[in-house]
Amino acid sequence: MQKSFRRQVIYGFLIMVFLCAFIVVFSLITTHNMKKIFFNTMRDNVSSLKAAEELELALLNQKGFLENYFYSGDPGWINKLEEKKTAFEDWLNKATEAARTPPEKEIIKDINLLYKSFEGKRHRARQLYSSGKISEAKNILVTDMWAAFEALNKKCEEYLRINEILIEKTENSLQNNFEVMMILITVPALVITVLVGSMFFLLTRRILTDVEHIALTARKINLKSMGGRVSTVDLAVEMEYLARSINIMLERLETSFEYIKEFSSSIGHELKTPLAIIKGESEVALRKERPPEDYRNALRINIEESNRMIRIVEDLVFLAKLDYNPDNIKKETFNFIPFFADLEKRAKTLVSQKQINLTVSFPEAAILIEGNKLHLSRLFFNLIQNAIKFTPPGGRIDLNVNREGDVLKISISDTGLGISEEDLPRIFKRFYHKEKSQPESSDSIGLGLSIARSIATYHHGEIEVKSKPGEGATFTVNLPVYHS
């Protein structure tokens, strides 16, 4: 698969979106779990702490009742101690249920054992008090039960300290979990940032490398070496498209520069001769006094050469218009048969001046083509005049029109001098002349066939030529038939 910057950017964007979505989901799940753990832990710790505090409060109440009995000797405090027994047992059950950790459970177990011992002593003291043995009951209350209260109170304080330690540990654990969660969120975020930054850095470097390669190639191209092209090997799709566009532009520029060079060289070469003639005739006329007829002859020659230069310039401008700015030439759809019949009439006038026989053959059915009548007339008259020029008096020229499928073939054949095999590839070149020894080519500027080929190309057609020296030549113009 060919590389594409657009595809790489899309893939990178999708990866970034996926990683961001993963981080968001992971963060939500982690936060939810942390929240759940926090609430459950705090609920348990608060429950245990509350149970421990209430248990201690209930124990202190009972201890207070016992202290009041010691100071006042009022038996009512013993009754109140009995009444608070149920409340203390309820708080002890709640504390037992709230215990979660082994240390808590161990402390609750010890408290239960001490409380059973305390209840046994309290029950014994009550029995003695009921039987009238008050001194023995007091002795139990003062010694055994008070010692049990002190032991229970220490265990409750120890239970409170354990809960405080557990809450502190929970806070530390939550703090550590929070730090871990932040690390788990921050590290992937940094990884995403590094990956995305690296991807765009590599992508940018690749783009700039291709741009530098294109720029380096473009800097090497100048008027002396217009043949350089940007290589499209191993380029991404977008850069390959840019490189191909630049190459197409370079091809057009090379063609334009070649045309300018050819035009400058040709026009300089062709205008040099008539200018030299004009200069020479003028200098000869001015060297000494001459008869008026000599001056008129010099002026006539100058005018002829001036007209020749005008024709050269006009023909070159026309060729440039056909080859490089054909959009300004308008086309129309018309029947070729009447158009060619008009060409036949004018051709008869031309051949009659040289006593050449002309035969014409074309179908009667209408044949539509799309083109410019004025330029097509110039195409065919250039070929006809060329045939007349190189056909001796008494010769023959044949004009034939045939339709073969979607192609209209118009042939101009003559019985003239013909064209040698080595000259055939060069006759359509600009300013090409046959041997100057032939009088027929002396007044030619060598642009007629070049103009004819350019007109045919503009009409999406072509010109074929067949010839042998001494057997004449046949030029065939192929034009596309118009379909409505």
# chains A, B, ... in the order shown; residues from 1 in each chain; ligands from 1
$ residues_around --residues "Phe178 of chain A" --least-positions-apart "5" --cutoff "10 Å" --atoms "only C-alpha atoms" --output "MDAnalysis selection string"
chainID A and resid 30:31 34 172:173 183:184
$ residues_around --residues "segment 242-252 of chain A" --least-positions-apart "2" --cutoff "6 Å" --atoms "only C-alpha atoms" --output "ChimeraX atom specification"
/A:229-230,239-240,254-255
$ write_last_selection --atoms "all heavy atoms" --output "mmCIF file, in the first residue's frame"
data_model
loop_
_atom_site.group_PDB
_atom_site.id
_atom_site.type_symbol
_atom_site.label_atom_id
_atom_site.label_comp_id
_atom_site.auth_asym_id
_atom_site.auth_seq_id
_atom_site.Cartn_x
_atom_site.Cartn_y
_atom_site.Cartn_z
ATOM 1 N N ARG A 229 13.698 16.414 -13.697
ATOM 2 C CA ARG A 229 12.355 16.158 -13.175
ATOM 3 C C ARG A 229 12.443 15.681 -11.730
ATOM 4 O O ARG A 229 13.437 15.087 -11.312
ATOM 5 C CB ARG A 229 11.623 15.101 -14.019
ATOM 6 C CG ARG A 229 11.352 15.519 -15.454
ATOM 7 C CD ARG A 229 10.371 16.660 -15.530
ATOM 8 N NE ARG A 229 10.080 17.029 -16.916
ATOM 9 C CZ ARG A 229 10.735 17.957 -17.595
ATOM 10 N NH1 ARG A 229 11.754 18.592 -17.005
ATOM 11 N NH2 ARG A 229 10.407 18.249 -18.837
ATOM 12 N N VAL A 230 11.373 15.941 -10.978
ATOM 13 C CA VAL A 230 11.305 15.514 -9.580
ATOM 14 C C VAL A 230 10.971 14.029 -9.538
ATOM 15 O O VAL A 230 9.982 13.591 -10.128
ATOM 16 C CB VAL A 230 10.240 16.325 -8.805
ATOM 17 C CG1 VAL A 230 10.160 15.849 -7.357
ATOM 18 C CG2 VAL A 230 10.562 17.810 -8.861
ATOM 19 N N MET A 239 2.562 14.025 -1.710
ATOM 20 C CA MET A 239 3.797 14.563 -2.280
ATOM 21 C C MET A 239 3.992 14.079 -3.721
ATOM 22 O O MET A 239 4.537 14.803 -4.555
ATOM 23 C CB MET A 239 4.986 14.160 -1.415
ATOM 24 C CG MET A 239 5.106 14.983 -0.152
ATOM 25 S SD MET A 239 5.355 16.738 -0.537
ATOM 26 C CE MET A 239 5.122 17.477 1.077
ATOM 27 N N GLU A 240 3.562 12.858 -4.004
ATOM 28 C CA GLU A 240 3.663 12.359 -5.377
ATOM 29 C C GLU A 240 2.783 13.198 -6.309
ATOM 30 O O GLU A 240 3.167 13.526 -7.430
ATOM 31 C CB GLU A 240 3.242 10.892 -5.442
ATOM 32 C CG GLU A 240 3.368 10.293 -6.832
ATOM 33 C CD GLU A 240 2.941 8.847 -6.890
ATOM 34 O OE1 GLU A 240 2.586 8.305 -5.829
ATOM 35 O OE2 GLU A 240 2.957 8.266 -7.987
ATOM 36 N N GLU A 254 9.448 23.649 -20.379
ATOM 37 C CA GLU A 254 10.488 23.215 -21.309
ATOM 38 C C GLU A 254 10.017 23.356 -22.746
ATOM 39 O O GLU A 254 10.754 23.828 -23.617
ATOM 40 C CB GLU A 254 10.863 21.760 -21.026
ATOM 41 C CG GLU A 254 12.008 21.259 -21.888
ATOM 42 C CD GLU A 254 12.389 19.832 -21.583
ATOM 43 O OE1 GLU A 254 11.594 19.144 -20.905
ATOM 44 O OE2 GLU A 254 13.472 19.395 -22.005
ATOM 45 N N THR A 255 8.749 22.972 -22.990
ATOM 46 C CA THR A 255 8.199 23.119 -24.339
ATOM 47 C C THR A 255 8.158 24.587 -24.757
ATOM 48 O O THR A 255 8.500 24.936 -25.895
ATOM 49 C CB THR A 255 6.790 22.517 -24.395
ATOM 50 O OG1 THR A 255 6.838 21.140 -23.991
ATOM 51 C CG2 THR A 255 6.207 22.594 -25.799
#
$ atom_distance --atom1 "atom CA of Gly405 of chain A" --atom2 "atom CA of Pro480 of chain A"
9.4 Å
$ residues_around --residues "Thr193 of chain A" --least-positions-apart "5" --cutoff "9 Å" --atoms "only C-alpha atoms" --output "PDB file with all heavy atoms, in the first residue's frame"
ATOM      1  N   MET A  16      -4.806   8.289  19.122  1.00  0.00           N
ATOM      2  CA  MET A  16      -4.878   9.265  20.205  1.00  0.00           C
ATOM      3  C   MET A  16      -6.260   9.262  20.850  1.00  0.00           C
ATOM      4  O   MET A  16      -6.388   9.297  22.091  1.00  0.00           O
ATOM      5  CB  MET A  16      -4.552  10.658  19.659  1.00  0.00           C
ATOM      6  CG  MET A  16      -4.533  11.750  20.719  1.00  0.00           C
ATOM      7  SD  MET A  16      -4.116  13.363  20.030  1.00  0.00           S
ATOM      8  CE  MET A  16      -5.541  13.654  18.984  1.00  0.00           C
ATOM      9  N   PRO A 188       0.032   7.362  31.673  1.00  0.00           N
ATOM     10  CA  PRO A 188      -0.523   7.178  30.319  1.00  0.00           C
ATOM     11  C   PRO A 188      -0.720   8.498  29.584  1.00  0.00           C
ATOM     12  O   PRO A 188      -0.543   8.561  28.366  1.00  0.00           O
ATOM     13  CB  PRO A 188      -1.864   6.474  30.568  1.00  0.00           C
ATOM     14  CG  PRO A 188      -1.691   5.783  31.884  1.00  0.00           C
ATOM     15  CD  PRO A 188      -0.819   6.697  32.682  1.00  0.00           C
ATOM     16  N   SER A 198       5.751  12.535  19.074  1.00  0.00           N
ATOM     17  CA  SER A 198       6.710  11.823  18.224  1.00  0.00           C
ATOM     18  C   SER A 198       6.134  11.559  16.845  1.00  0.00           C
ATOM     19  O   SER A 198       6.822  11.700  15.828  1.00  0.00           O
ATOM     20  CB  SER A 198       7.113  10.502  18.887  1.00  0.00           C
ATOM     21  OG  SER A 198       7.697  10.731  20.151  1.00  0.00           O
TER      22      SER A 198
END
$ closest_residue --among "A:Tyr11, A:Phe475, A:Tyr295, A:Phe362" --to "Phe380 of chain A" --atoms "only C-alpha atoms"
A:Phe475
$ select_by_dssp --residues "segment 205-423 of chain A" --states "helix (DSSP H, G or I)" --output "MDAnalysis selection string"
chainID A and resid 205:220 237:287 292:324 326:328 336:352 373:389
$ select_by_dssp --residues "segment 169-380 of chain A" --states "strand (DSSP E)" --output "PyMOL selection string"
chain A and resi 332-335+357-361+368-371
$ closest_residue --among "A:Ser27, A:Thr415, A:Thr391, A:Ser450" --to "Met181 of chain A" --atoms "only C-alpha atoms"
A:Ser27
$ atom_distance --atom1 "atom CA of Lys321 of chain A" --atom2 "atom CA of Leu271 of chain A"
20.2 Å
$ atom_distance --atom1 "atom CA of Leu319 of chain A" --atom2 "atom CA of Ile455 of chain A"
8.6 Å
$ residues_around --residues "segment 303-315 of chain A" --least-positions-apart "6" --cutoff "8 Å" --atoms "only C-alpha atoms" --output "CSV table (one decimal) with N, CA, C and O atoms, in the first residue's frame"
chain,number,residue,atom,x,y,z
A,267,ILE,N,13.5,32.9,-36.6
A,267,ILE,CA,13.2,34.2,-37.1
A,267,ILE,C,14.5,35.0,-37.4
A,267,ILE,O,14.5,35.8,-38.4
A,270,GLU,N,15.8,33.5,-40.7
A,270,GLU,CA,15.0,33.8,-41.9
A,270,GLU,C,14.9,35.3,-42.2
A,270,GLU,O,14.8,35.7,-43.4
A,271,LEU,N,15.0,36.1,-41.2
A,271,LEU,CA,14.9,37.6,-41.4
A,271,LEU,C,16.3,38.2,-41.8
A,271,LEU,O,16.4,39.3,-42.4
A,274,PRO,N,16.4,38.6,-46.0
A,274,PRO,CA,15.8,39.8,-46.6
A,274,PRO,C,16.3,41.1,-46.0
A,274,PRO,O,16.4,42.1,-46.8
A,275,LEU,N,16.7,41.1,-44.8
A,275,LEU,CA,17.3,42.4,-44.3
A,275,LEU,C,18.7,42.7,-45.0
A,275,LEU,O,19.0,43.8,-45.3
A,277,ILE,N,19.4,41.7,-48.0
A,277,ILE,CA,19.1,42.1,-49.3
A,277,ILE,C,18.7,43.6,-49.3
A,277,ILE,O,19.1,44.4,-50.2
A,278,ILE,N,17.8,44.0,-48.4
A,278,ILE,CA,17.3,45.4,-48.3
A,278,ILE,C,18.5,46.3,-48.1
A,278,ILE,O,18.7,47.4,-48.7
A,445,ILE,N,8.9,30.4,-47.8
A,445,ILE,CA,9.6,30.7,-46.5
A,445,ILE,C,9.6,29.4,-45.7
A,445,ILE,O,10.1,29.5,-44.5
A,447,LEU,N,7.1,27.6,-44.2
A,447,LEU,CA,6.2,27.4,-43.1
A,447,LEU,C,4.8,26.8,-43.5
A,447,LEU,O,4.0,26.6,-42.6
A,451,ILE,N,2.4,25.0,-40.9
A,451,ILE,CA,1.1,25.6,-40.5
A,451,ILE,C,0.0,24.6,-40.8
A,451,ILE,O,-1.0,24.4,-40.0
$ residues_around --residues "Asp342 of chain A" --least-positions-apart "6" --cutoff "12 Å" --atoms "only C-alpha atoms" --output "JSON list (two decimals) with all heavy atoms, in the first residue's frame"
[["chain", "number", "residue", "atom", "x", "y", "z"],
["A", 335, "ASN", "N", -21.34, 21.32, -42.71],
["A", 335, "ASN", "CA", -21.29, 20.24, -43.69],
["A", 335, "ASN", "C", -20.03, 20.42, -44.53],
["A", 335, "ASN", "O", -19.83, 21.46, -45.19],
["A", 335, "ASN", "CB", -22.54, 20.26, -44.57],
["A", 335, "ASN", "CG", -22.61, 19.09, -45.52],
["A", 335, "ASN", "OD1", -21.70, 18.26, -45.57],
["A", 335, "ASN", "ND2", -23.67, 19.02, -46.30],
["A", 336, "PHE", "N", -19.16, 19.42, -44.55],
["A", 336, "PHE", "CA", -17.88, 19.54, -45.22],
["A", 336, "PHE", "C", -18.01, 19.53, -46.75],
["A", 336, "PHE", "O", -17.16, 20.10, -47.44],
["A", 336, "PHE", "CB", -16.96, 18.40, -44.77],
["A", 336, "PHE", "CG", -15.56, 18.50, -45.31],
["A", 336, "PHE", "CD1", -14.64, 19.36, -44.74],
["A", 336, "PHE", "CD2", -15.18, 17.75, -46.42],
["A", 336, "PHE", "CE1", -13.35, 19.46, -45.25],
["A", 336, "PHE", "CE2", -13.89, 17.84, -46.93],
["A", 336, "PHE", "CZ", -12.97, 18.71, -46.33],
["A", 348, "LYS", "N", -9.45, 25.18, -59.10],
["A", 348, "LYS", "CA", -9.47, 25.15, -60.58],
["A", 348, "LYS", "C", -8.86, 26.42, -61.16],
["A", 348, "LYS", "O", -8.16, 26.39, -62.18],
["A", 348, "LYS", "CB", -10.90, 24.98, -61.08],
["A", 348, "LYS", "CG", -11.43, 23.57, -60.90],
["A", 348, "LYS", "CD", -12.85, 23.45, -61.43],
["A", 348, "LYS", "CE", -13.37, 22.02, -61.29],
["A", 348, "LYS", "NZ", -14.76, 21.86, -61.77],
["A", 349, "THR", "N", -9.13, 27.55, -60.51],
["A", 349, "THR", "CA", -8.55, 28.81, -60.99],
["A", 349, "THR", "C", -7.03, 28.78, -60.90],
["A", 349, "THR", "O", -6.32, 29.25, -61.78],
["A", 349, "THR", "CB", -9.11, 29.99, -60.17],
["A", 349, "THR", "OG1", -10.53, 29.99, -60.25],
["A", 349, "THR", "CG2", -8.56, 31.31, -60.65],
["A", 360, "VAL", "N", -11.55, 15.87, -59.15],
["A", 360, "VAL", "CA", -12.10, 15.96, -57.79],
["A", 360, "VAL", "C", -13.13, 14.86, -57.61],
["A", 360, "VAL", "O", -13.95, 14.61, -58.50],
["A", 360, "VAL", "CB", -12.74, 17.34, -57.54],
["A", 360, "VAL", "CG1", -13.29, 17.41, -56.13],
["A", 360, "VAL", "CG2", -11.72, 18.44, -57.78],
["A", 373, "LYS", "N", -13.61, 27.22, -40.37],
["A", 373, "LYS", "CA", -13.57, 27.19, -41.83],
["A", 373, "LYS", "C", -12.38, 27.94, -42.39],
["A", 373, "LYS", "O", -11.72, 27.48, -43.34],
["A", 373, "LYS", "CB", -14.87, 27.79, -42.40],
["A", 373, "LYS", "CG", -16.10, 26.92, -42.23],
["A", 373, "LYS", "CD", -17.30, 27.56, -42.91],
["A", 373, "LYS", "CE", -18.54, 26.69, -42.79],
["A", 373, "LYS", "NZ", -19.70, 27.30, -43.47],
["A", 377, "SER", "N", -9.54, 26.14, -44.57],
["A", 377, "SER", "CA", -9.27, 26.59, -45.94],
["A", 377, "SER", "C", -7.78, 26.83, -46.14],
["A", 377, "SER", "O", -7.20, 26.45, -47.17],
["A", 377, "SER", "CB", -10.05, 27.88, -46.25],
["A", 377, "SER", "OG", -11.44, 27.65, -46.19],
["A", 380, "PHE", "N", -5.95, 23.38, -46.50],
["A", 380, "PHE", "CA", -6.06, 22.71, -47.80],
["A", 380, "PHE", "C", -5.40, 23.52, -48.92],
["A", 380, "PHE", "O", -4.78, 22.95, -49.83],
["A", 380, "PHE", "CB", -7.52, 22.43, -48.12],
["A", 380, "PHE", "CG", -8.13, 21.40, -47.21],
["A", 380, "PHE", "CD1", -9.15, 21.72, -46.32],
["A", 380, "PHE", "CD2", -7.67, 20.09, -47.24],
["A", 380, "PHE", "CE1", -9.69, 20.77, -45.49],
["A", 380, "PHE", "CE2", -8.22, 19.13, -46.40],
["A", 380, "PHE", "CZ", -9.23, 19.46, -45.52],
["A", 381, "PHE", "N", -5.48, 24.85, -48.86],
["A", 381, "PHE", "CA", -4.84, 25.65, -49.91],
["A", 381, "PHE", "C", -3.31, 25.60, -49.80],
["A", 381, "PHE", "O", -2.61, 25.67, -50.80],
["A", 381, "PHE", "CB", -5.34, 27.10, -49.87],
["A", 381, "PHE", "CG", -6.53, 27.32, -50.74],
["A", 381, "PHE", "CD1", -7.79, 27.51, -50.18],
["A", 381, "PHE", "CD2", -6.42, 27.28, -52.13],
["A", 381, "PHE", "CE1", -8.90, 27.69, -50.99],
["A", 381, "PHE", "CE2", -7.53, 27.47, -52.93],
["A", 381, "PHE", "CZ", -8.78, 27.66, -52.37]]
$ closest_residue --among "A:Gln127, A:Asn372, A:Thr170, A:Asn400" --to "Ala341 of chain A" --atoms "only C-alpha atoms"
A:Asn400
$ residues_around --residues "Gly472 of chain A" --least-positions-apart "3" --cutoff "8 Å" --atoms "only C-alpha atoms" --output "VMD selection string"
chain A and resid 391 413 to 419 467 to 469
$ residues_around --residues "Asp406 of chain A" --least-positions-apart "2" --cutoff "10 Å" --atoms "only C-alpha atoms" --output "list in words"
Arg403, Glu404, Leu408, Lys409, Asn478, Leu479, Pro480, Val481, Tyr482 and His483 of chain A
$ write_last_selection --atoms "C-alpha atoms" --output "mmCIF file, in the first residue's frame"
data_model
loop_
_atom_site.group_PDB
_atom_site.id
_atom_site.type_symbol
_atom_site.label_atom_id
_atom_site.label_comp_id
_atom_site.auth_asym_id
_atom_site.auth_seq_id
_atom_site.Cartn_x
_atom_site.Cartn_y
_atom_site.Cartn_z
ATOM 1 C CA ARG A 403 -15.381 8.707 -45.131
ATOM 2 C CA GLU A 404 -14.027 5.668 -43.307
ATOM 3 C CA LEU A 408 -12.952 11.857 -42.883
ATOM 4 C CA LYS A 409 -9.996 11.400 -45.267
ATOM 5 C CA ASN A 478 -7.595 12.822 -41.473
ATOM 6 C CA LEU A 479 -10.285 14.691 -39.580
ATOM 7 C CA PRO A 480 -12.803 13.332 -37.035
ATOM 8 C CA VAL A 481 -16.474 13.240 -38.080
ATOM 9 C CA TYR A 482 -18.791 15.188 -35.801
ATOM 10 C CA HIS A 483 -21.587 13.267 -34.014
#
